[in-house]
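Structure file start-v7.txt; described as compact mmCIF, C-alpha atoms.
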```
# COMPACT_ATOMS: atom_id res chain seq x y z
CA MET A 1 6.02 36.63 -5.20
CA LEU A 2 4.38 36.42 -8.62
CA SER A 3 1.28 38.59 -8.93
CA GLU A 4 -0.90 35.64 -9.97
CA VAL A 5 0.34 33.57 -7.00
CA LYS A 6 -0.39 36.47 -4.67
CA GLN A 7 -3.95 36.85 -5.99
CA GLU A 8 -4.62 33.14 -5.71
CA ALA A 9 -3.04 32.93 -2.26
CA LEU A 10 -5.24 35.76 -0.95
CA LYS A 11 -8.34 34.11 -2.41
CA ARG A 12 -7.43 30.84 -0.72
CA LEU A 13 -6.82 32.70 2.56
CA ASN A 14 -10.33 34.17 2.37
CA TYR A 15 -11.69 30.66 2.05
CA ILE A 16 -9.55 29.34 4.92
CA GLU A 17 -10.56 32.19 7.24
CA GLY A 18 -14.22 31.64 6.43
CA HIS A 19 -13.82 27.94 7.11
CA LEU A 20 -12.15 28.65 10.46
CA ALA A 21 -14.96 31.03 11.39
CA GLY A 22 -17.29 28.08 10.81
CA VAL A 23 -15.18 25.94 13.13
CA ARG A 24 -15.43 28.65 15.78
CA ARG A 25 -19.21 28.68 15.50
CA MET A 26 -19.28 24.90 15.85
CA ILE A 27 -17.20 25.02 19.01
CA ASP A 28 -19.27 27.91 20.40
CA GLU A 29 -22.41 25.85 19.86
CA GLU A 30 -20.69 22.76 21.30
CA ALA A 31 -21.04 20.71 18.12
CA TYR A 32 -20.13 17.02 18.12
CA CYS A 33 -16.33 16.63 18.45
CA VAL A 34 -16.11 14.32 15.44
CA ASP A 35 -17.78 16.92 13.23
CA VAL A 36 -15.44 19.64 14.50
CA LEU A 37 -12.40 17.48 13.72
CA LYS A 38 -13.60 16.74 10.18
CA GLN A 39 -13.77 20.50 9.58
CA THR A 40 -10.32 21.23 11.04
CA PHE A 41 -8.86 18.46 8.87
CA ALA A 42 -10.45 20.20 5.87
CA VAL A 43 -8.91 23.52 6.94
CA ARG A 44 -5.47 21.90 7.08
CA ARG A 45 -5.97 20.43 3.59
CA ALA A 46 -6.89 23.92 2.34
CA ILE A 47 -3.72 25.35 3.88
CA GLU A 48 -1.70 22.60 2.18
CA LYS A 49 -3.17 23.62 -1.17
CA LEU A 50 -2.21 27.22 -0.48
CA GLU A 51 1.29 26.03 0.37
CA ALA A 52 1.57 24.01 -2.85
CA ARG A 53 0.74 27.15 -4.83
CA VAL A 54 3.26 29.32 -2.96
CA LEU A 55 5.92 26.63 -3.26
CA GLU A 56 5.34 26.29 -7.00
CA GLY A 57 5.69 30.06 -7.39
CA HIS A 58 8.89 29.92 -5.34
CA LEU A 59 10.36 27.18 -7.54
CA ARG A 60 9.47 29.05 -10.74
CA THR A 61 11.07 32.29 -9.60
CA HIS A 62 13.62 32.33 -6.77
CA VAL A 63 14.88 28.77 -7.25
CA VAL A 64 15.37 29.07 -11.00
CA GLU A 65 16.98 32.51 -10.66
CA GLY A 66 19.12 31.45 -7.72
CA ILE A 67 20.50 28.48 -9.62
CA HIS A 68 21.17 30.59 -12.71
CA ASN A 69 23.01 33.09 -10.52
CA GLY A 70 25.22 30.44 -8.94
CA GLN A 71 23.50 30.54 -5.55
CA HIS A 72 22.77 26.80 -5.51
CA GLU A 73 23.81 26.31 -1.97
CA GLN A 74 21.44 28.83 -0.38
CA VAL A 75 18.51 27.85 -2.61
CA LEU A 76 18.90 24.13 -1.95
CA GLN A 77 19.39 24.55 1.78
CA GLU A 78 16.17 26.53 1.99
CA LEU A 79 14.28 23.84 0.08
CA MET A 80 15.62 21.11 2.35
CA GLU A 81 14.76 23.17 5.41
CA LEU A 82 11.17 23.55 4.13
CA TYR A 83 11.00 19.84 3.34
CA ASN A 84 12.13 18.88 6.81
CA LEU A 85 9.71 21.32 8.45
CA ALA A 86 6.83 20.03 6.30
CA GLU A 87 7.50 16.43 7.30
CA LYS A 88 7.37 17.18 11.01
CA MET B 1 -17.93 19.01 24.45
CA LEU B 2 -16.42 19.43 27.91
CA SER B 3 -16.45 23.03 29.12
CA GLU B 4 -12.69 23.08 29.70
CA VAL B 5 -12.04 21.68 26.22
CA LYS B 6 -14.32 24.33 24.73
CA GLN B 7 -12.51 27.14 26.54
CA GLU B 8 -9.10 25.87 25.49
CA ALA B 9 -10.24 25.26 21.91
CA LEU B 10 -11.53 28.84 21.62
CA LYS B 11 -8.28 30.19 23.03
CA ARG B 12 -6.30 28.17 20.51
CA LEU B 13 -8.58 29.39 17.71
CA ASN B 14 -7.83 33.00 18.69
CA TYR B 15 -4.15 32.25 18.35
CA ILE B 16 -4.61 30.47 14.99
CA GLU B 17 -6.71 33.31 13.57
CA GLY B 18 -4.14 35.88 14.67
CA HIS B 19 -1.39 33.81 13.11
CA LEU B 20 -3.32 33.56 9.83
CA ALA B 21 -3.86 37.33 9.86
CA GLY B 22 -0.07 37.60 10.02
CA VAL B 23 0.24 35.29 7.01
CA ARG B 24 -2.21 37.51 5.11
CA ARG B 25 -0.10 40.58 5.89
CA MET B 26 3.01 38.78 4.66
CA ILE B 27 1.35 37.87 1.37
CA ASP B 28 -0.06 41.38 0.98
CA GLU B 29 3.43 42.78 1.41
CA GLU B 30 4.85 40.11 -0.92
CA ALA B 31 7.13 38.62 1.71
CA TYR B 32 9.66 35.97 0.74
CA CYS B 33 7.87 32.70 -0.15
CA VAL B 34 10.04 30.63 2.18
CA ASP B 35 9.10 32.83 5.13
CA VAL B 36 5.41 32.58 4.25
CA LEU B 37 5.62 28.77 4.11
CA LYS B 38 7.34 28.57 7.49
CA GLN B 39 4.41 30.49 8.97
CA THR B 40 1.72 28.37 7.29
CA PHE B 41 3.49 25.24 8.56
CA ALA B 42 3.31 26.73 12.06
CA VAL B 43 -0.42 27.42 11.61
CA ARG B 44 -1.01 23.79 10.66
CA ARG B 45 0.93 22.64 13.74
CA ALA B 46 -1.27 24.88 15.88
CA ILE B 47 -4.40 23.36 14.32
CA GLU B 48 -3.02 19.89 15.06
CA LYS B 49 -2.63 20.84 18.72
CA LEU B 50 -6.22 22.07 18.78
CA GLU B 51 -7.28 18.76 17.23
CA ALA B 52 -5.35 16.74 19.81
CA ARG B 53 -7.22 18.56 22.56
CA VAL B 54 -10.64 18.05 20.96
CA LEU B 55 -9.85 14.40 20.28
CA GLU B 56 -8.78 13.84 23.87
CA GLY B 57 -12.03 15.37 25.07
CA HIS B 58 -13.92 13.15 22.66
CA LEU B 59 -12.20 10.01 23.95
CA ARG B 60 -12.86 10.96 27.58
CA THR B 61 -16.56 11.58 27.02
CA HIS B 62 -18.34 10.14 23.99
CA VAL B 63 -16.04 7.18 23.46
CA VAL B 64 -16.07 6.03 27.09
CA GLU B 65 -19.84 6.55 27.35
CA GLY B 66 -20.54 4.93 23.99
CA ILE B 67 -18.59 1.83 24.96
CA HIS B 68 -20.31 1.64 28.33
CA ASN B 69 -23.67 1.91 26.57
CA GLY B 70 -22.92 -0.90 24.14
CA GLN B 71 -22.47 1.38 21.13
CA HIS B 72 -19.00 0.07 20.31
CA GLU B 73 -19.60 -0.22 16.64
CA GLN B 74 -20.57 3.40 16.00
CA VAL B 75 -17.87 4.80 18.31
CA LEU B 76 -15.09 2.72 16.75
CA GLN B 77 -16.19 3.39 13.19
CA GLU B 78 -16.07 7.13 13.85
CA LEU B 79 -12.58 6.85 15.33
CA MET B 80 -11.33 4.88 12.33
CA GLU B 81 -12.95 7.36 9.97
CA LEU B 82 -11.14 10.21 11.75
CA TYR B 83 -7.87 8.28 11.67
CA ASN B 84 -8.15 7.66 7.95
CA LEU B 85 -9.05 11.29 7.27
CA ALA B 86 -6.13 12.50 9.40
CA GLU B 87 -3.64 10.33 7.51
CA LYS B 88 -4.67 11.70 4.12
CA MET C 1 -3.87 -9.36 18.85
CA LEU C 2 -6.86 -10.85 17.08
CA SER C 3 -5.96 -13.83 14.90
CA GLU C 4 -7.47 -12.27 11.78
CA VAL C 5 -5.56 -9.02 12.38
CA LYS C 6 -2.35 -11.01 12.81
CA GLN C 7 -2.88 -12.90 9.56
CA GLU C 8 -3.65 -9.74 7.63
CA ALA C 9 -0.75 -7.86 9.21
CA LEU C 10 1.69 -10.60 8.20
CA LYS C 11 0.32 -10.60 4.65
CA ARG C 12 0.76 -6.84 4.46
CA LEU C 13 4.30 -7.15 5.83
CA ASN C 14 5.15 -9.61 3.05
CA TYR C 15 4.00 -7.03 0.54
CA ILE C 16 5.92 -4.21 2.24
CA GLU C 17 9.14 -6.24 2.39
CA GLY C 18 8.81 -7.16 -1.27
CA HIS C 19 8.24 -3.54 -2.15
CA LEU C 20 11.31 -2.48 -0.16
CA ALA C 21 13.39 -5.14 -1.93
CA GLY C 22 12.32 -3.44 -5.16
CA VAL C 23 13.47 -0.09 -3.81
CA ARG C 24 16.85 -1.64 -2.97
CA ARG C 25 17.20 -2.95 -6.53
CA MET C 26 16.38 0.52 -7.88
CA ILE C 27 19.03 2.14 -5.72
CA ASP C 28 21.56 -0.57 -6.60
CA GLU C 29 20.94 0.09 -10.28
CA GLU C 30 21.05 3.86 -9.68
CA ALA C 31 17.51 4.46 -10.88
CA TYR C 32 16.20 8.00 -11.30
CA CYS C 33 15.75 9.64 -7.86
CA VAL C 34 12.18 10.71 -8.61
CA ASP C 35 11.20 7.12 -9.38
CA VAL C 36 12.85 5.88 -6.18
CA LEU C 37 10.94 8.47 -4.11
CA LYS C 38 7.60 7.51 -5.68
CA GLN C 39 8.24 3.94 -4.56
CA THR C 40 9.27 4.85 -1.01
CA PHE C 41 6.12 7.01 -0.71
CA ALA C 42 4.12 3.94 -1.74
CA VAL C 43 5.90 1.85 0.90
CA ARG C 44 4.95 4.39 3.58
CA ARG C 45 1.33 4.33 2.42
CA ALA C 46 1.38 0.53 2.70
CA ILE C 47 2.74 0.78 6.25
CA GLU C 48 -0.03 3.25 7.11
CA LYS C 49 -2.61 0.72 5.91
CA LEU C 50 -1.00 -1.93 8.10
CA GLU C 51 -1.16 0.50 11.01
CA ALA C 52 -4.84 1.27 10.40
CA ARG C 53 -5.58 -2.46 10.61
CA VAL C 54 -3.57 -2.95 13.82
CA LEU C 55 -5.13 0.15 15.37
CA GLU C 56 -8.63 -1.04 14.52
CA GLY C 57 -7.89 -4.39 16.14
CA HIS C 58 -6.54 -2.57 19.18
CA LEU C 59 -9.69 -0.45 19.52
CA ARG C 60 -11.95 -3.50 19.17
CA THR C 61 -10.13 -5.48 21.83
CA HIS C 62 -7.91 -3.73 24.37
CA VAL C 63 -9.67 -0.37 24.30
CA VAL C 64 -13.17 -1.78 24.67
CA GLU C 65 -12.05 -4.21 27.39
CA GLY C 66 -9.97 -1.59 29.17
CA ILE C 67 -12.91 0.81 29.34
CA HIS C 68 -15.23 -1.93 30.54
CA ASN C 69 -12.71 -2.81 33.24
CA GLY C 70 -12.43 0.76 34.49
CA GLN C 71 -8.93 1.32 33.06
CA HIS C 72 -9.94 4.42 31.10
CA GLU C 73 -6.96 6.44 32.07
CA GLN C 74 -4.29 4.02 30.79
CA VAL C 75 -6.20 3.19 27.62
CA LEU C 76 -6.81 6.83 26.70
CA GLN C 77 -3.27 7.92 27.51
CA GLU C 78 -1.92 5.25 25.18
CA LEU C 79 -4.24 6.36 22.39
CA MET C 80 -3.20 10.00 22.79
CA GLU C 81 0.45 8.98 22.86
CA LEU C 82 -0.03 7.07 19.59
CA TYR C 83 -1.88 10.02 18.08
CA ASN C 84 0.87 12.44 18.99
CA LEU C 85 3.56 10.09 17.65
CA ALA C 86 1.64 9.58 14.39
CA GLU C 87 1.32 13.34 13.82
CA LYS C 88 5.06 13.92 14.14
CA MET D 1 22.38 9.15 -8.22
CA LEU D 2 25.50 10.43 -6.49
CA SER D 3 27.75 7.65 -5.22
CA GLU D 4 27.69 8.97 -1.64
CA VAL D 5 23.89 9.20 -1.70
CA LYS D 6 23.69 5.64 -2.99
CA GLN D 7 25.96 4.35 -0.22
CA GLU D 8 24.03 6.16 2.47
CA ALA D 9 20.67 5.09 1.00
CA LEU D 10 21.72 1.43 1.03
CA LYS D 11 22.92 1.72 4.61
CA ARG D 12 19.62 3.26 5.64
CA LEU D 13 17.75 0.49 3.79
CA ASN D 14 19.65 -2.13 5.79
CA TYR D 15 18.49 -0.45 8.96
CA ILE D 16 14.88 -0.17 7.75
CA GLU D 17 14.77 -3.83 6.70
CA GLY D 18 16.18 -4.90 10.05
CA HIS D 19 13.61 -2.78 11.83
CA LEU D 20 10.79 -4.30 9.77
CA ALA D 21 12.07 -7.78 10.59
CA GLY D 22 11.69 -6.81 14.23
CA VAL D 23 8.10 -5.71 13.57
CA ARG D 24 7.41 -9.10 11.95
CA ARG D 25 8.75 -10.89 15.02
CA MET D 26 6.54 -8.76 17.25
CA ILE D 27 3.45 -9.60 15.23
CA ASP D 28 4.40 -13.29 15.11
CA GLU D 29 4.67 -13.30 18.88
CA GLU D 30 1.43 -11.31 19.18
CA ALA D 31 3.03 -8.35 20.92
CA TYR D 32 0.88 -5.56 22.33
CA CYS D 33 -0.66 -3.53 19.46
CA VAL D 34 0.52 -0.21 20.89
CA ASP D 35 4.12 -1.43 20.92
CA VAL D 36 3.83 -2.68 17.33
CA LEU D 37 2.49 0.71 16.20
CA LYS D 38 5.31 2.60 17.90
CA GLN D 39 7.76 0.51 15.90
CA THR D 40 5.98 0.97 12.56
CA PHE D 41 5.91 4.73 13.19
CA ALA D 42 9.68 4.57 13.71
CA VAL D 43 10.08 2.64 10.45
CA ARG D 44 8.17 5.36 8.59
CA ARG D 45 10.36 8.04 10.16
CA ALA D 46 13.43 6.12 8.99
CA ILE D 47 12.02 5.94 5.45
CA GLU D 48 11.41 9.71 5.56
CA LYS D 49 15.06 10.25 6.45
CA LEU D 50 16.08 8.08 3.51
CA GLU D 51 13.79 10.15 1.29
CA ALA D 52 15.26 13.43 2.53
CA ARG D 53 18.71 12.19 1.53
CA VAL D 54 17.61 11.01 -1.93
CA LEU D 55 15.72 14.27 -2.49
CA GLU D 56 18.71 16.35 -1.49
CA GLY D 57 20.86 14.38 -3.94
CA HIS D 58 18.23 14.93 -6.62
CA LEU D 59 18.18 18.69 -6.04
CA ARG D 60 21.97 18.91 -6.14
CA THR D 61 22.28 17.02 -9.41
CA HIS D 62 19.28 16.68 -11.73
CA VAL D 63 17.49 19.84 -10.65
CA VAL D 64 20.53 22.09 -10.89
CA GLU D 65 21.57 20.55 -14.23
CA GLY D 66 18.03 20.61 -15.60
CA ILE D 67 17.64 24.29 -14.81
CA HIS D 68 21.04 25.09 -16.31
CA ASN D 69 20.03 23.20 -19.46
CA GLY D 70 16.76 25.08 -19.84
CA GLN D 71 14.55 22.16 -18.79
CA HIS D 72 12.80 24.11 -16.03
CA GLU D 73 9.37 22.90 -16.87
CA GLN D 74 10.06 19.17 -16.55
CA VAL D 75 12.21 19.58 -13.45
CA LEU D 76 9.65 21.73 -11.63
CA GLN D 77 6.71 19.57 -12.60
CA GLU D 78 8.47 16.53 -11.17
CA LEU D 79 9.19 18.36 -7.91
CA MET D 80 5.57 19.46 -7.57
CA GLU D 81 4.40 15.94 -8.34
CA LEU D 82 6.65 14.61 -5.58
CA TYR D 83 5.42 17.29 -3.20
CA ASN D 84 1.80 16.47 -3.85
CA LEU D 85 2.43 12.74 -3.47
CA ALA D 86 4.32 13.30 -0.20
CA GLU D 87 1.46 15.35 1.28
CA LYS D 88 -1.11 12.64 0.64
```

Please render this file's structure as structure tokens.
Amino acid sequence: MLSEVKQEALKRLNYIEGHLAGVRRMIDEEAYCVDVLKQTFAVRRAIEKLEARVLEGHLRTHVVEGIHNGQHEQVLQELMELYNLAEK
Amino acid sequence: MLSEVKQEALKRLNYIEGHLAGVRRMIDEEAYCVDVLKQTFAVRRAIEKLEARVLEGHLRTHVVEGIHNGQHEQVLQELMELYNLAEK
Amino acid sequence: MLSEVKQEALKRLNYIEGHLAGVRRMIDEEAYCVDVLKQTFAVRRAIEKLEARVLEGHLRTHVVEGIHNGQHEQVLQELMELYNLAEK
Amino acid sequence: MLSEVKQEALKRLNYIEGHLAGVRRMIDEEAYCVDVLKQTFAVRRAIEKLEARVLEGHLRTHVVEGIHNGQHEQVLQELMELYNLAEK
């Protein structure tokens, strides 16, 4: 994992964990369901942004190297596996 | 929020927070990007299950009551707003 | 199904079918994969808009009537089933 | 586009168009909204399967060639653009 991706990923995780702590408080205080759901949707969006960053780092490093080293098959199978998991 | 929904939501949040702590460890230890992404996908799935439970509770309480009390318009607008946010 | 929902749904279907015919032409002419995918994403977005309209009509008619007629259970189970299918 | 991908994509399009024609009939006959939505969800799933096939073909051809030819930047930017569009 590239050092800059790691730093950004950890920063995004801090944000996500803080956001989830807010969701916990809302549920503890029995906030209105609709407001809770809007916050959990936002948490999922934040996780998707983290994923986009990790994926981009993956493409720029392992995928490029793998293809240069003749390991197409493994690299492409992993990408398709991720794609299919993400769609579920 | 129904008491049983609250209890289950908090239990699911415990699980999600533990799972995210695992993701943080993986990033700290510079785990393979593909493995990190598989875990963040699983976290999002867990949040979706939490949401399904909260939504079901919402339908069974506020939506049913709102419609009985003649507040269709507000209840339905909130549901459509949630639907549109969830699709994004 | 409300008459206005039906009319709008059919209009949206015309658009979706036309869009898909365009996708077919692109594949026939062996267009660049990335361009094909951008178009199929757009088709899915158009289907989601159609769905939002049908769902809204459903909420305004069957759901409101069902709850007024004491058929909560069936109405809510169908909504949760749709929600779970849509998330997949 | 690889010839085998093209053939499979066209076959899948036939299926999707037939499925959409069924949705049109349902709306014409004012079928129950919930049943219409289940079918449109299935159409979107079928489009996603078509996309997975086109994407796989893209990875196996343009992406591998682009990386071998030193065009990383364009190839990876396109993939990230697709990813971000698909998440929306």

Would you kindly return, as number ranges by chain, each protein, DNA or RNA residue with an atom no farther than 8 Å from any atom of segment 72-77 of chain A, considering all atoms listed in the file and excluding same-chain residues fewer than 2 positions away?
A: 62-63, 66-67, 70, 79-81; D: 56, 59-60, 64

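Contact shell of Arg44 of chain B at 8 Å (all atoms listed in the file; same-chain neighbours under 4 positions omitted): Arg44 and Ile47 of chain A; Thr40 and Glu48 of chain B.
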
Which residues are near Ala9 of chain A? Cut-off 8 Å, all atoms listed in the file, ignore same chain within fewer than 6 positions. Put them as a list in words.
Leu50, Arg53 and Val54 of chain A; Ile27 of chain B

Pick from A:Glu30, A:Thr61, A:His19, A:Val43: nearest to chain B, with all atoms listed in the file counted?
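Distance minimum relative to chain B lands on A:Glu30.
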
Coordinates-based distance that separates atom CA of Met1 of chain D from atom CA of Gly18 of chain D (Å, one decimal):
23.9 Å

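Residue-level contact on chain C: within 12 Å of chain A, counting all atoms listed in the file, the set is Asn84, Leu85, Ala86, Glu87 and Lys88 of chain C.
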
Output C-alpha atoms of each residue in that selection to a file, as a compact mmCIF listing (two decimals), in the coordinates of the input.
```
# COMPACT_ATOMS: atom_id res chain seq x y z
CA ASN C 84 0.87 12.44 18.99
CA LEU C 85 3.56 10.09 17.65
CA ALA C 86 1.64 9.58 14.39
CA GLU C 87 1.32 13.34 13.82
CA LYS C 88 5.06 13.92 14.14
```

Separation of atom CA of Ala52 of chain B from atom CA of Glu51 of chain A, in Å and rounded to one decimal
22.5 Å

Can you work out the spacing between atom CA of Ala42 of chain C and atom CA of Tyr83 of chain D in Å, to one decimal?
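Between these atoms lies a distance of 13.5 Å.
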
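Residues in contact with Arg12 of chain D at 9 Å, where only C-alpha atoms are counted and same-chain residues fewer than 2 positions away are skipped, are listed as Gln7, Glu8, Ala9, Leu10, Asn14, Tyr15, Ile16, Glu17, Ala46, Ile47, Lys49 and Leu50 of chain D.
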
All file atoms of segment 4-15 of chain A boxed axis-aligned, 8 Å per side, centre plus edges, as JSON:
```
{"center_x": -5.7, "center_y": 33.8, "center_z": -3.7, "size_x": 28.0, "size_y": 22.2, "size_z": 28.5}
```

Between B:Lys38, B:Lys6, B:Arg24, B:His68, which has the minimum distance to Leu82 of chain A (counting only C-alpha atoms)?
B:Lys38

Got a minute to add N, CA and C atoms to segment 31-60 of chain D and dump it as a short mmCIF file (atom, residue, chain, number, x, y, z; two decimals), in the frame of the given file?
```
data_model
loop_
_atom_site.label_atom_id
_atom_site.label_comp_id
_atom_site.auth_asym_id
_atom_site.auth_seq_id
_atom_site.Cartn_x
_atom_site.Cartn_y
_atom_site.Cartn_z
N ALA D 31 2.68 -9.43 19.98
CA ALA D 31 3.03 -8.35 20.92
C ALA D 31 1.86 -7.39 21.07
N TYR D 32 1.94 -6.54 22.07
CA TYR D 32 0.88 -5.56 22.33
C TYR D 32 0.79 -4.59 21.15
N CYS D 33 -0.43 -4.36 20.66
CA CYS D 33 -0.66 -3.53 19.46
C CYS D 33 0.03 -2.18 19.56
N VAL D 34 -0.05 -1.55 20.73
CA VAL D 34 0.52 -0.21 20.89
C VAL D 34 2.03 -0.25 20.65
N ASP D 35 2.67 -1.32 21.12
CA ASP D 35 4.12 -1.43 20.92
C ASP D 35 4.45 -1.67 19.44
N VAL D 36 3.62 -2.46 18.77
CA VAL D 36 3.83 -2.68 17.33
C VAL D 36 3.73 -1.35 16.58
N LEU D 37 2.70 -0.57 16.90
CA LEU D 37 2.49 0.71 16.20
C LEU D 37 3.64 1.68 16.43
N LYS D 38 4.17 1.70 17.66
CA LYS D 38 5.31 2.60 17.90
C LYS D 38 6.48 2.23 16.99
N GLN D 39 6.66 0.93 16.77
CA GLN D 39 7.76 0.51 15.90
C GLN D 39 7.50 0.84 14.44
N THR D 40 6.24 0.64 13.98
CA THR D 40 5.98 0.97 12.56
C THR D 40 6.09 2.48 12.33
N PHE D 41 5.72 3.28 13.33
CA PHE D 41 5.91 4.73 13.19
C PHE D 41 7.41 5.02 13.01
N ALA D 42 8.22 4.34 13.80
CA ALA D 42 9.68 4.57 13.71
C ALA D 42 10.21 4.15 12.34
N VAL D 43 9.66 3.07 11.79
CA VAL D 43 10.08 2.64 10.45
C VAL D 43 9.74 3.73 9.43
N ARG D 44 8.55 4.30 9.55
CA ARG D 44 8.17 5.36 8.59
C ARG D 44 9.07 6.58 8.73
N ARG D 45 9.43 6.91 9.96
CA ARG D 45 10.36 8.04 10.16
C ARG D 45 11.69 7.74 9.47
N ALA D 46 12.15 6.49 9.59
CA ALA D 46 13.43 6.12 8.99
C ALA D 46 13.34 6.21 7.47
N ILE D 47 12.19 5.83 6.90
CA ILE D 47 12.02 5.94 5.45
C ILE D 47 12.03 7.43 5.05
N GLU D 48 11.42 8.27 5.88
CA GLU D 48 11.41 9.71 5.56
C GLU D 48 12.83 10.28 5.56
N LYS D 49 13.67 9.77 6.45
CA LYS D 49 15.06 10.25 6.45
C LYS D 49 15.79 9.80 5.19
N LEU D 50 15.52 8.56 4.78
CA LEU D 50 16.08 8.08 3.51
C LEU D 50 15.62 8.97 2.37
N GLU D 51 14.34 9.31 2.37
CA GLU D 51 13.79 10.15 1.29
C GLU D 51 14.44 11.53 1.28
N ALA D 52 14.65 12.10 2.46
CA ALA D 52 15.26 13.43 2.53
C ALA D 52 16.64 13.41 1.87
N ARG D 53 17.36 12.31 2.10
CA ARG D 53 18.71 12.19 1.53
C ARG D 53 18.67 12.05 0.01
N VAL D 54 17.73 11.21 -0.47
CA VAL D 54 17.61 11.01 -1.93
C VAL D 54 17.15 12.32 -2.58
N LEU D 55 16.21 13.00 -1.93
CA LEU D 55 15.72 14.27 -2.49
C LEU D 55 16.84 15.30 -2.56
N GLU D 56 17.62 15.37 -1.49
CA GLU D 56 18.71 16.35 -1.49
C GLU D 56 19.68 16.05 -2.65
N GLY D 57 19.99 14.75 -2.83
CA GLY D 57 20.86 14.38 -3.94
C GLY D 57 20.24 14.78 -5.28
N HIS D 58 18.94 14.58 -5.38
CA HIS D 58 18.23 14.93 -6.62
C HIS D 58 18.33 16.43 -6.90
N LEU D 59 18.10 17.23 -5.87
CA LEU D 59 18.18 18.69 -6.04
C LEU D 59 19.58 19.10 -6.49
N ARG D 60 20.59 18.51 -5.86
CA ARG D 60 21.97 18.91 -6.14
C ARG D 60 22.46 18.48 -7.52
#
```
